[in-house]
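Structure data (PDB, N, CA and C atoms) from final.pdb:
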ATOM      1  N   MET W   1      29.777  25.744 -14.846
ATOM      2  CA  MET W   1      29.720  25.154 -16.171
ATOM      3  C   MET W   1      31.138  24.739 -16.574
ATOM      4  N   SER W   2      31.284  23.473 -17.014
ATOM      5  CA  SER W   2      32.616  22.998 -17.393
ATOM      6  C   SER W   2      33.035  23.603 -18.728
ATOM      7  N   LYS W   3      34.343  23.575 -18.976
ATOM      8  CA  LYS W   3      34.878  24.158 -20.206
ATOM      9  C   LYS W   3      34.301  23.470 -21.441
ATOM     10  N   GLY W   4      34.164  22.135 -21.397
ATOM     11  CA  GLY W   4      33.626  21.387 -22.537
ATOM     12  C   GLY W   4      32.202  21.799 -22.865
ATOM     13  N   VAL W   5      31.385  21.955 -21.830
ATOM     14  CA  VAL W   5      30.004  22.378 -22.049
ATOM     15  C   VAL W   5      29.986  23.811 -22.552
ATOM     16  N   PHE W   6      30.818  24.658 -21.969
ATOM     17  CA  PHE W   6      30.892  26.054 -22.363
ATOM     18  C   PHE W   6      31.302  26.180 -23.824
ATOM     19  N   MET W   7      32.335  25.440 -24.223
ATOM     20  CA  MET W   7      32.805  25.506 -25.606
ATOM     21  C   MET W   7      31.751  24.939 -26.563
ATOM     22  N   GLY W   8      30.995  23.935 -26.107
ATOM     23  CA  GLY W   8      29.953  23.353 -26.938
ATOM     24  C   GLY W   8      28.890  24.366 -27.311
ATOM     25  N   LEU W   9      28.698  25.368 -26.474
ATOM     26  CA  LEU W   9      27.709  26.395 -26.764
ATOM     27  C   LEU W   9      28.080  27.219 -27.985
ATOM     28  N   PHE W  10      29.370  27.273 -28.294
ATOM     29  CA  PHE W  10      29.846  28.096 -29.399
ATOM     30  C   PHE W  10      30.055  27.314 -30.690
ATOM     31  N   ARG W  11      29.828  26.020 -30.645
ATOM     32  CA  ARG W  11      29.977  25.231 -31.869
ATOM     33  C   ARG W  11      28.826  25.550 -32.806
ATOM     34  N   ARG W  12      29.143  25.586 -34.069
ATOM     35  CA  ARG W  12      28.135  25.938 -35.057
ATOM     36  C   ARG W  12      27.419  24.693 -35.541
ATOM     37  N   ALA W  13      26.157  24.852 -35.862
ATOM     38  CA  ALA W  13      25.341  23.732 -36.319
ATOM     39  C   ALA W  13      25.851  23.150 -37.637
ATOM     40  N   ASP W  14      26.531  23.955 -38.430
ATOM     41  CA  ASP W  14      26.997  23.478 -39.734
ATOM     42  C   ASP W  14      28.442  22.986 -39.713
ATOM     43  N   ASP W  15      29.009  22.742 -38.533
ATOM     44  CA  ASP W  15      30.403  22.301 -38.444
ATOM     45  C   ASP W  15      30.665  21.011 -39.220
ATOM     46  N   HIS W  16      29.723  20.062 -39.183
ATOM     47  CA  HIS W  16      29.950  18.791 -39.874
ATOM     48  C   HIS W  16      30.038  19.007 -41.379
ATOM     49  N   GLN W  17      29.074  19.713 -41.928
ATOM     50  CA  GLN W  17      29.097  19.965 -43.371
ATOM     51  C   GLN W  17      30.338  20.765 -43.754
ATOM     52  N   TRP W  18      30.652  21.780 -42.995
ATOM     53  CA  TRP W  18      31.833  22.597 -43.269
ATOM     54  C   TRP W  18      33.095  21.736 -43.201
ATOM     55  N   SER W  19      33.182  20.888 -42.184
ATOM     56  CA  SER W  19      34.360  20.034 -42.022
ATOM     57  C   SER W  19      34.519  19.079 -43.195
ATOM     58  N   GLN W  20      33.416  18.479 -43.642
ATOM     59  CA  GLN W  20      33.484  17.571 -44.779
ATOM     60  C   GLN W  20      34.013  18.277 -46.025
ATOM     61  N   LEU W  21      33.621  19.508 -46.207
ATOM     62  CA  LEU W  21      34.058  20.267 -47.387
ATOM     63  C   LEU W  21      35.527  20.695 -47.310
ATOM     64  N   HIS W  22      36.099  20.684 -46.113
ATOM     65  CA  HIS W  22      37.463  21.185 -45.937
ATOM     66  C   HIS W  22      38.480  20.114 -45.530
ATOM     67  N   LEU W  23      38.093  18.842 -45.573
ATOM     68  CA  LEU W  23      39.007  17.765 -45.169
ATOM     69  C   LEU W  23      40.293  17.754 -46.004
ATOM     70  N   SER W  24      40.168  17.898 -47.316
ATOM     71  CA  SER W  24      41.376  17.843 -48.147
ATOM     72  C   SER W  24      42.277  19.041 -47.894
ATOM     73  N   HIS W  25      41.685  20.209 -47.664
ATOM     74  CA  HIS W  25      42.485  21.397 -47.345
ATOM     75  C   HIS W  25      43.213  21.199 -46.015
ATOM     76  N   TYR W  26      42.538  20.574 -45.065
ATOM     77  CA  TYR W  26      43.153  20.299 -43.761
ATOM     78  C   TYR W  26      44.348  19.352 -43.946
ATOM     79  N   ALA W  27      44.128  18.265 -44.662
ATOM     80  CA  ALA W  27      45.189  17.269 -44.850
ATOM     81  C   ALA W  27      46.380  17.858 -45.608
ATOM     82  N   ASP W  28      46.116  18.795 -46.509
ATOM     83  CA  ASP W  28      47.181  19.459 -47.268
ATOM     84  C   ASP W  28      47.881  20.547 -46.465
ATOM     85  N   GLY W  29      47.312  20.935 -45.330
ATOM     86  CA  GLY W  29      47.888  22.012 -44.534
ATOM     87  C   GLY W  29      47.543  23.387 -45.084
ATOM     88  N   ASP W  30      46.434  23.469 -45.831
ATOM     89  CA  ASP W  30      46.054  24.721 -46.485
ATOM     90  C   ASP W  30      45.028  25.552 -45.716
ATOM     91  N   LEU W  31      44.723  25.190 -44.488
ATOM     92  CA  LEU W  31      43.750  25.956 -43.702
ATOM     93  C   LEU W  31      44.462  26.938 -42.777
ATOM     94  N   SER W  32      43.792  28.020 -42.485
ATOM     95  CA  SER W  32      44.325  28.962 -41.494
ATOM     96  C   SER W  32      44.316  28.273 -40.133
ATOM     97  N   ALA W  33      45.036  28.823 -39.191
ATOM     98  CA  ALA W  33      45.090  28.240 -37.845
ATOM     99  C   ALA W  33      43.688  28.161 -37.238
ATOM    100  N   ARG W  34      42.892  29.192 -37.434
ATOM    101  CA  ARG W  34      41.534  29.218 -36.879
ATOM    102  C   ARG W  34      40.670  28.125 -37.514
ATOM    103  N   ALA W  35      40.734  27.993 -38.829
ATOM    104  CA  ALA W  35      39.954  26.971 -39.525
ATOM    105  C   ALA W  35      40.429  25.571 -39.143
ATOM    106  N   ARG W  36      41.732  25.399 -38.995
ATOM    107  CA  ARG W  36      42.285  24.106 -38.583
ATOM    108  C   ARG W  36      41.769  23.712 -37.206
ATOM    109  N   ARG W  37      41.743  24.675 -36.273
ATOM    110  CA  ARG W  37      41.225  24.392 -34.926
ATOM    111  C   ARG W  37      39.745  24.034 -34.976
ATOM    112  N   ARG W  38      38.989  24.727 -35.820
ATOM    113  CA  ARG W  38      37.557  24.435 -35.941
ATOM    114  C   ARG W  38      37.351  22.994 -36.402
ATOM    115  N   LEU W  39      38.074  22.577 -37.432
ATOM    116  CA  LEU W  39      37.922  21.226 -37.943
ATOM    117  C   LEU W  39      38.390  20.195 -36.917
ATOM    118  N   GLU W  40      39.505  20.448 -36.267
ATOM    119  CA  GLU W  40      40.022  19.515 -35.261
ATOM    120  C   GLU W  40      39.053  19.364 -34.095
ATOM    121  N   ARG W  41      38.478  20.468 -33.661
ATOM    122  CA  ARG W  41      37.521  20.445 -32.556
ATOM    123  C   ARG W  41      36.304  19.594 -32.944
ATOM    124  N   HIS W  42      35.833  19.773 -34.162
ATOM    125  CA  HIS W  42      34.690  18.985 -34.621
ATOM    126  C   HIS W  42      35.066  17.508 -34.749
ATOM    127  N   ALA W  43      36.224  17.218 -35.339
ATOM    128  CA  ALA W  43      36.636  15.837 -35.595
ATOM    129  C   ALA W  43      36.874  15.046 -34.313
ATOM    130  N   GLU W  44      37.170  15.733 -33.211
ATOM    131  CA  GLU W  44      37.355  15.033 -31.938
ATOM    132  C   GLU W  44      36.105  14.260 -31.541
ATOM    133  N   GLY W  45      34.940  14.780 -31.883
ATOM    134  CA  GLY W  45      33.694  14.122 -31.508
ATOM    135  C   GLY W  45      32.923  13.529 -32.662
ATOM    136  N   CYS W  46      33.495  13.543 -33.872
ATOM    137  CA  CYS W  46      32.785  13.050 -35.053
ATOM    138  C   CYS W  46      33.576  11.914 -35.696
ATOM    139  N   VAL W  47      33.035  10.731 -35.633
ATOM    140  CA  VAL W  47      33.703   9.558 -36.193
ATOM    141  C   VAL W  47      33.928   9.730 -37.697
ATOM    142  N   ASP W  48      32.917  10.225 -38.412
ATOM    143  CA  ASP W  48      33.031  10.373 -39.867
ATOM    144  C   ASP W  48      34.154  11.326 -40.262
ATOM    145  N   CYS W  49      34.240  12.458 -39.594
ATOM    146  CA  CYS W  49      35.271  13.440 -39.957
ATOM    147  C   CYS W  49      36.656  12.969 -39.526
ATOM    148  N   GLY W  50      36.745  12.301 -38.387
ATOM    149  CA  GLY W  50      38.026  11.729 -37.975
ATOM    150  C   GLY W  50      38.511  10.702 -38.981
ATOM    151  N   ARG W  51      37.591   9.875 -39.461
ATOM    152  CA  ARG W  51      37.922   8.872 -40.476
ATOM    153  C   ARG W  51      38.303   9.557 -41.785
ATOM    154  N   GLY W  52      37.603  10.628 -42.118
ATOM    155  CA  GLY W  52      37.905  11.378 -43.338
ATOM    156  C   GLY W  52      39.306  11.955 -43.326
ATOM    157  N   ILE W  53      39.716  12.486 -42.179
ATOM    158  CA  ILE W  53      41.073  13.035 -42.048
ATOM    159  C   ILE W  53      42.109  11.937 -42.261
ATOM    160  N   ARG W  54      41.896  10.795 -41.619
ATOM    161  CA  ARG W  54      42.854   9.682 -41.779
ATOM    162  C   ARG W  54      42.902   9.190 -43.220
ATOM    163  N   ALA W  55      41.749   9.134 -43.896
ATOM    164  CA  ALA W  55      41.708   8.685 -45.287
ATOM    165  C   ALA W  55      42.439   9.665 -46.201
ATOM    166  N   MET W  56      42.224  10.955 -45.998
ATOM    167  CA  MET W  56      42.899  11.960 -46.822
ATOM    168  C   MET W  56      44.411  11.891 -46.636
ATOM    169  N   ARG W  57      44.838  11.733 -45.401
ATOM    170  CA  ARG W  57      46.281  11.640 -45.143
ATOM    171  C   ARG W  57      46.871  10.395 -45.802
ATOM    172  N   ALA W  58      46.139   9.290 -45.750
ATOM    173  CA  ALA W  58      46.616   8.050 -46.378
ATOM    174  C   ALA W  58      46.734   8.232 -47.888
ATOM    175  N   LEU W  59      45.753   8.884 -48.501
ATOM    176  CA  LEU W  59      45.816   9.136 -49.943
ATOM    177  C   LEU W  59      47.003  10.012 -50.307
ATOM    178  N   LEU W  60      47.242  11.038 -49.519
ATOM    179  CA  LEU W  60      48.369  11.930 -49.795
ATOM    180  C   LEU W  60      49.703  11.203 -49.681
ATOM    181  N   ARG W  61      49.780  10.223 -48.779
ATOM    182  CA  ARG W  61      51.015   9.437 -48.660
ATOM    183  C   ARG W  61      51.213   8.523 -49.873
ATOM    184  N   LEU W  62      50.123   8.113 -50.520
ATOM    185  CA  LEU W  62      50.225   7.199 -51.664
ATOM    186  C   LEU W  62      50.590   7.900 -52.969
ATOM    187  N   ILE W  63      50.290   9.161 -53.089
ATOM    188  CA  ILE W  63      50.507   9.883 -54.341
ATOM    189  C   ILE W  63      51.952   9.785 -54.843
ATOM    190  N   PRO W  64      52.959  10.004 -54.017
ATOM    191  CA  PRO W  64      54.335   9.892 -54.533
ATOM    192  C   PRO W  64      54.655   8.502 -55.078
ATOM    193  N   ALA W  65      54.014   7.477 -54.554
ATOM    194  CA  ALA W  65      54.283   6.114 -55.006
ATOM    195  C   ALA W  65      53.722   5.846 -56.401
ATOM    196  N   ILE W  66      52.703   6.589 -56.812
ATOM    197  CA  ILE W  66      52.109   6.332 -58.129
ATOM    198  C   ILE W  66      52.571   7.302 -59.207
ATOM    199  N   GLU W  67      53.207   8.391 -58.813
ATOM    200  CA  GLU W  67      53.690   9.349 -59.805
ATOM    201  C   GLU W  67      54.756   8.700 -60.677
ATOM    202  N   GLY W  68      54.668   8.934 -61.960
ATOM    203  CA  GLY W  68      55.644   8.392 -62.889
ATOM    204  C   GLY W  68      55.319   7.001 -63.390
ATOM    205  N   ARG W  69      54.267   6.391 -62.875
ATOM    206  CA  ARG W  69      53.876   5.068 -63.365
ATOM    207  C   ARG W  69      53.026   5.216 -64.619
ATOM    208  N   GLU W  70      53.008   4.171 -65.396
ATOM    209  CA  GLU W  70      52.217   4.168 -66.616
ATOM    210  C   GLU W  70      50.731   4.209 -66.259
ATOM    211  N   ILE W  71      49.990   5.010 -67.001
ATOM    212  CA  ILE W  71      48.555   5.110 -66.780
ATOM    213  C   ILE W  71      47.867   3.967 -67.504
ATOM    214  N   VAL W  72      47.022   3.255 -66.794
ATOM    215  CA  VAL W  72      46.255   2.159 -67.377
ATOM    216  C   VAL W  72      44.813   2.618 -67.464
ATOM    217  N   ARG W  73      44.275   2.622 -68.659
ATOM    218  CA  ARG W  73      42.900   3.071 -68.891
ATOM    219  C   ARG W  73      41.929   1.893 -68.746
ATOM    220  N   ALA W  74      40.786   2.182 -68.187
ATOM    221  CA  ALA W  74      39.738   1.162 -68.086
ATOM    222  C   ALA W  74      39.160   0.906 -69.474
ATOM    223  N   PRO W  75      38.769  -0.330 -69.751
ATOM    224  CA  PRO W  75      38.162  -0.632 -71.055
ATOM    225  C   PRO W  75      36.889   0.185 -71.262
ATOM    226  N   ALA W  76      36.616   0.512 -72.513
ATOM    227  CA  ALA W  76      35.417   1.297 -72.848
ATOM    228  C   ALA W  76      34.169   0.592 -72.330
ATOM    229  N   GLY W  77      33.302   1.342 -71.715
ATOM    230  CA  GLY W  77      32.017   0.817 -71.260
ATOM    231  C   GLY W  77      32.056   0.044 -69.955
ATOM    232  N   ILE W  78      33.227  -0.095 -69.337
ATOM    233  CA  ILE W  78      33.330  -0.909 -68.122
ATOM    234  C   ILE W  78      32.467  -0.360 -66.996
ATOM    235  N   PHE W  79      32.430   0.954 -66.851
ATOM    236  CA  PHE W  79      31.673   1.529 -65.750
ATOM    237  C   PHE W  79      30.172   1.317 -65.940
ATOM    238  N   ASP W  80      29.717   1.392 -67.192
ATOM    239  CA  ASP W  80      28.304   1.122 -67.466
ATOM    240  C   ASP W  80      27.961  -0.333 -67.165
ATOM    241  N   ARG W  81      28.877  -1.255 -67.522
ATOM    242  CA  ARG W  81      28.627  -2.677 -67.243
ATOM    243  C   ARG W  81      28.606  -2.955 -65.750
ATOM    244  N   VAL W  82      29.490  -2.322 -65.018
ATOM    245  CA  VAL W  82      29.522  -2.528 -63.567
ATOM    246  C   VAL W  82      28.227  -2.014 -62.938
ATOM    247  N   ARG W  83      27.796  -0.829 -63.361
ATOM    248  CA  ARG W  83      26.557  -0.260 -62.819
ATOM    249  C   ARG W  83      25.358  -1.134 -63.126
ATOM    250  N   SER W  84      25.345  -1.747 -64.308
ATOM    251  CA  SER W  84      24.196  -2.568 -64.695
ATOM    252  C   SER W  84      24.318  -4.000 -64.183
ATOM    253  N   GLY W  85      25.466  -4.360 -63.645
ATOM    254  CA  GLY W  85      25.667  -5.717 -63.134
ATOM    255  C   GLY W  85      26.050  -6.703 -64.212
ATOM    256  N   GLY W  86      26.361  -6.229 -65.421
ATOM    257  CA  GLY W  86      26.725  -7.100 -66.538
ATOM    258  C   GLY W  86      28.146  -7.596 -66.439
ATOM    259  N   ALA W  87      28.404  -8.756 -67.003
ATOM    260  CA  ALA W  87      29.755  -9.328 -67.023
ATOM    261  C   ALA W  87      30.517  -8.791 -68.222
ATOM    262  N   GLY W  88      31.839  -8.769 -68.130
ATOM    263  CA  GLY W  88      32.666  -8.293 -69.232
ATOM    264  C   GLY W  88      32.791  -9.331 -70.328
ATOM    265  N   ASP W  89      33.024  -8.884 -71.545
ATOM    266  CA  ASP W  89      33.261  -9.779 -72.677
ATOM    267  C   ASP W  89      34.753  -9.876 -72.913
ATOM    268  N   ALA W  90      35.222 -11.062 -73.243
ATOM    269  CA  ALA W  90      36.658 -11.281 -73.443
ATOM    270  C   ALA W  90      37.196 -10.481 -74.617
ATOM    271  N   ASP W  91      36.381 -10.248 -75.653
ATOM    272  CA  ASP W  91      36.890  -9.589 -76.845
ATOM    273  C   ASP W  91      36.975  -8.072 -76.725
ATOM    274  N   ASP W  92      36.409  -7.478 -75.698
ATOM    275  CA  ASP W  92      36.461  -6.016 -75.581
ATOM    276  C   ASP W  92      37.361  -5.555 -74.437
ATOM    277  N   GLY W  93      38.192  -6.453 -73.933
ATOM    278  CA  GLY W  93      39.100  -6.084 -72.857
ATOM    279  C   GLY W  93      38.447  -6.121 -71.493
ATOM    280  N   GLY W  94      37.217  -6.610 -71.424
ATOM    281  CA  GLY W  94      36.497  -6.647 -70.158
ATOM    282  C   GLY W  94      36.876  -7.837 -69.301
ATOM    283  N   GLY W  95      37.757  -8.662 -69.762
ATOM    284  CA  GLY W  95      38.201  -9.794 -68.962
ATOM    285  C   GLY W  95      37.681 -11.100 -69.526
ATOM    286  N   ALA W  96      38.394 -12.151 -69.280
ATOM    287  CA  ALA W  96      37.997 -13.466 -69.771
ATOM    288  C   ALA W  96      36.857 -14.007 -68.921
ATOM    289  N   PRO W  97      35.980 -14.819 -69.533
ATOM    290  CA  PRO W  97      34.907 -15.398 -68.726
ATOM    291  C   PRO W  97      35.484 -16.346 -67.683
ATOM    292  N   ALA W  98      34.759 -16.500 -66.599
ATOM    293  CA  ALA W  98      35.217 -17.371 -65.515
ATOM    294  C   ALA W  98      35.273 -18.805 -65.997
ATOM    295  N   GLU W  99      36.200 -19.584 -65.417
ATOM    296  CA  GLU W  99      36.332 -20.989 -65.793
ATOM    297  C   GLU W  99      35.051 -21.724 -65.520
ATOM    298  N   GLY W 100      34.714 -22.674 -66.405
ATOM    299  CA  GLY W 100      33.543 -23.498 -66.206
ATOM    300  C   GLY W 100      32.252 -22.876 -66.726
ATOM    301  N   THR W 101      32.362 -21.712 -67.398
ATOM    302  CA  THR W 101      31.137 -21.089 -67.937
ATOM    303  C   THR W 101      31.077 -21.226 -69.420
TER     304      THR W 101
END
What does this structure look like when you write it as structure tokens?
Amino acid sequence: MSKGVFMGLFRRADDHQWSQLHLSHYADGDLSARARRRLERHAEGCVDCGRGIRAMRALLRLIPAIEGREIVRAPAGIFDRVRSGGAGDADDGGGAPAEGT
């Protein structure tokens, strides 16, 4: 029996769910060595978790670039309009209507 097959016997059925829940801890370096190895072992064969690790690392690299910048708030009701597919009104900060309308 090869090492890969042998090690596969010890993988837990819930590794994917567990890995998804611990991606941010992994990217922050907050996992124990054992937990880090578990996630890395799973991510080697899981496209979603590998992508999740790369996304978390990219986000962590962006945080210093946005610290200290002015916070811009979304106009009131914008999220409800987006969910409903409605267009924004110029008078409520939702943006000017498109040209030609």
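For Asp15 (chain W), the non-local neighbours within 8 Å, defined as residues at least 2 positions apart in the same chain or in other chains and counting all atoms listed in the file, are W:Arg11, W:Arg12, W:Ala13, W:Gln17, W:Trp18, W:Ser19, W:Gln20, W:Leu21, W:Arg38, W:Leu39, W:His42, W:Ala43.
Ranking W:Ile53, W:Ala76, W:Cys46, W:Ala58 by their shortest atom-to-atom distance to Tyr26 (chain W), with all atoms listed in the file included, puts W:Ile53 first.
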Exercise. Rounded to one decimal in Å, what is the spacing between atom C of Ile71 (chain W) and atom N of Leu59 (chain W)?
Worked result: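 Going from atom C of Ile71 (chain W) over to atom N of Leu59 (chain W), I get 19.7 Å.
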Exercise. Out of W:Glu67, W:Phe79, W:His16, W:His25, which residue has the shortest atom-to-atom distance to Glu44 (chain W) when counting only C-alpha atoms?
Worked result: W:His16
Problem set entry | Which residue of W:Ala74, W:Leu23, W:Arg69, W:Ala35 approaches Cys49 (chain W) most closely, using all atoms listed in the file |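 Selected residue with least distance to Cys49 (chain W): W:Leu23.
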Exercise. Do you have the CA of Asp14 (chain W)-atom N of Arg37 (chain W) distance handy?
Worked result: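 According to the coordinates, CA of Asp14 (chain W) and atom N of Arg37 (chain W) are separated by 15.2 Å.
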Problem set entry | Test item, helix (DSSP H, G or I) assignment across region 35-87 of chain W, answer as a PyMOL selection string | chain W and resi 35-44+47-66+78-84
Exercise. What does the distance between CA of Asp28 (chain W) and CA of Val72 (chain W) come to in Å, to one decimal place?
Worked result: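 For CA of Asp28 (chain W) relative to CA of Val72 (chain W), the distance reads 26.5 Å.
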